Structure formats: C-alpha cells, structure tokens
Amino acid sequence: MRERTTIQPWFRDAYHYADVITSAIEERFDHLGMWDEFFCDGQVAGLLAPYLRESAFHAFIRFVIDHLLYDYTLDVDLDHRQAMAEAIGNIPEAVADLEPLTVPVEEALRARNIEFDSFVVFLKERDKTFAAADADDLYDYFQDLRLCQPYEDLLAQAAHEVFFILFGNRRLLLHFNAIVSDHVESLSMEDLDDEVREQVAPLFEGSGALKRAYMPEWVRRAVYFRDRGRCVMCQADLSGIITLWSEENYDHMVPLAADGLNDVTNIQLLCAACNLRKADGAAVTSGAYEDWYSMEEPAGKKSR
C-alpha cells in the first residue's frame, strides 16, 4: 500500500506567489515580457510531453517564483540593513527578531527547513563582513545559490505548495492552458534544434495538433476528486451512487484540436451529455463549485 502524502502550504510566501501567478495569468498582456521570456528559445517544447507529474503549470510556477526571489533579493536595501545590524548588534534578541543579516531567499529556505550556506557564510569565504557587502555580493550570492541543490529543493517545494493552492481554480487553469495553446500553435519545428525536434515531432498529428495520449489513473483521480465527482457544467452526480446512468468523461478544457495540452491542469470532469455537446468546440469550463455548507439555517432548526 502506498504511503499517504500530505502537504501543508501554510507559508506566507506561498500565498503571495499564488497571488502574483494568478495576476500574471489573468492580466497576461500586462506581463507580456514575462510570458515571452517563459516561452523563449522554443521552451514550449518542454511542456508537450503527455501527463507529466511536474505539469506545465508547475513549470510556470517555478519560473515565476525564481524571478520573484531574484527580484526581492537584489532589491534589498543593503545600506539600511547594514545600519540596522550595526545599531542592534549588541542586542541578540533584536538581531534574532529583525534578522537584518538575512536576505529574502534565505527566509524562504529557512521557512522550509532546507539547509544552505547563508549570505554571511558566503561573505566570510570571500574574507568580507556583512558591513562591507555591496550589491555585487548579493548578485554573486544569489547566482551561486541558484546552482546548488538547496535552491532546486526550494523551487520544487514552493511550486508544489502553489500548485496545491491553485489547482482547484478551473477558470485560472483554463486561462493558463489557453495562453500555452497560443504558443503551441505558433511553434515551428524549424526553430527547434535537431535533438528537441526528434523528441517532440512524434507527439503531433499530421494536422499539427497534439495526439491524444493515454491518461494515467493518477490524473483521473486528481481531476475526479477536485471536481467532487460531478460534471462541472451541469453538476450531474457521476459517482455511480445516486444513479446508475453516470458515465464520467475526462475532457480537455482547451481541446487538442485547438492546440491544448495533454496535461493534468487541462482536464475536467464532464458527464457524457455535456461532453458530447462540447465535442472539439470552444475552450470552456465552469466557475461553479459545490459549497462546503449552506449559510441558511433549515426552517425550525437551531444551529449546532
């Protein structure tokens, strides 16, 4: 029997990352430069393999978190922190509380109990003190950290936390997959190097759309339980408990014919009738979700 896995995305920064990523997807034109960078040099080819557990959405989340950590770390007001460290250096309690020697990427690592070499240790190896550090030291520290396993572990864990937070938002996932499909449509095999072309060419139909791929059981289960065993369009129960006439259909929100991906974030649960009506038409989903409980008390009953 497989060990049951759990996740605790309580870190404050995970919800901040989720908010930034939501804005980047919903306001895509305001973030055009970022999107172009994400898809540059044919990187969209890396999103085409069918049903990777590290989904296309994971890749985008990692990309955004990496950029946020870079910006937040290099935007630190080092002069202010150095002055603060000097002012409270003889008060250990204040140093522990305010952490003037700690930069943002370190805070993210420490919150997740990931061991790493601190900025202060990095400076000592350069025979420098924190008081003498400058912006170039911050840049070099971050670039060195980027090449180490602790940073990779940080991105993987933070991306998993954000994915957990956002996977339940089908409309957001639809918007993300629509953006990706635009880039898949514009993908030119001639722009790819020979090795990448050999890898991705077999994934496409002659029409230029991705081939339908076998959907693993873990994808079906994730989508089924996210959508609560109901058709997302008409809310028909598909559990087989209430009615015998319940046939679950796993539908691509952005159809393959419209350059959609074989990706867990592009799948939704439909009943047979709604799936038949949708066919290979527009990219659609529903923003309706079953509530946890009613806010209205049943007539004649008291709240317990």
# chains A, B, ... in the order shown; residues from 1 in each chain; ligands from 1

call {"tool": "closest_atom_pairs", "arguments": {"of": "range 97-211 of chain A", "to": "range 52-60 of chain A", "cutoff": "8 Å", "atoms": "only C-alpha atoms", "output": "JSON lines"}}
result
{"residue": "A:Ala159", "atom": "CA", "partner": "A:His58", "partner_atom": "CA", "distance": 6.1}
{"residue": "A:His160", "atom": "CA", "partner": "A:His58", "partner_atom": "CA", "distance": 7.3}
{"residue": "A:Phe163", "atom": "CA", "partner": "A:His58", "partner_atom": "CA", "distance": 6.6}
{"residue": "A:Phe176", "atom": "CA", "partner": "A:Phe57", "partner_atom": "CA", "distance": 7.7}

call {"tool": "closest_atom_pairs", "arguments": {"of": "range 135-239 of chain A", "to": "range 65-69 of chain A", "cutoff": "10 Å", "atoms": "only C-alpha atoms", "output": "Markdown table"}}
result
| residue | atom | partner | partner_atom | distance |
| --- | --- | --- | --- | --- |
| A:Phe142 | CA | A:Leu69 | CA | 9.0 |
| A:Arg146 | CA | A:Asp66 | CA | 9.0 |
| A:Tyr151 | CA | A:Asp66 | CA | 9.3 |
| A:Glu152 | CA | A:Asp66 | CA | 9.8 |
| A:Leu154 | CA | A:Asp66 | CA | 9.6 |
| A:Leu155 | CA | A:Ile65 | CA | 7.1 |
| A:Ala158 | CA | A:Ile65 | CA | 7.9 |
| A:Ala159 | CA | A:Ile65 | CA | 7.6 |
| A:Val162 | CA | A:Ile65 | CA | 9.7 |
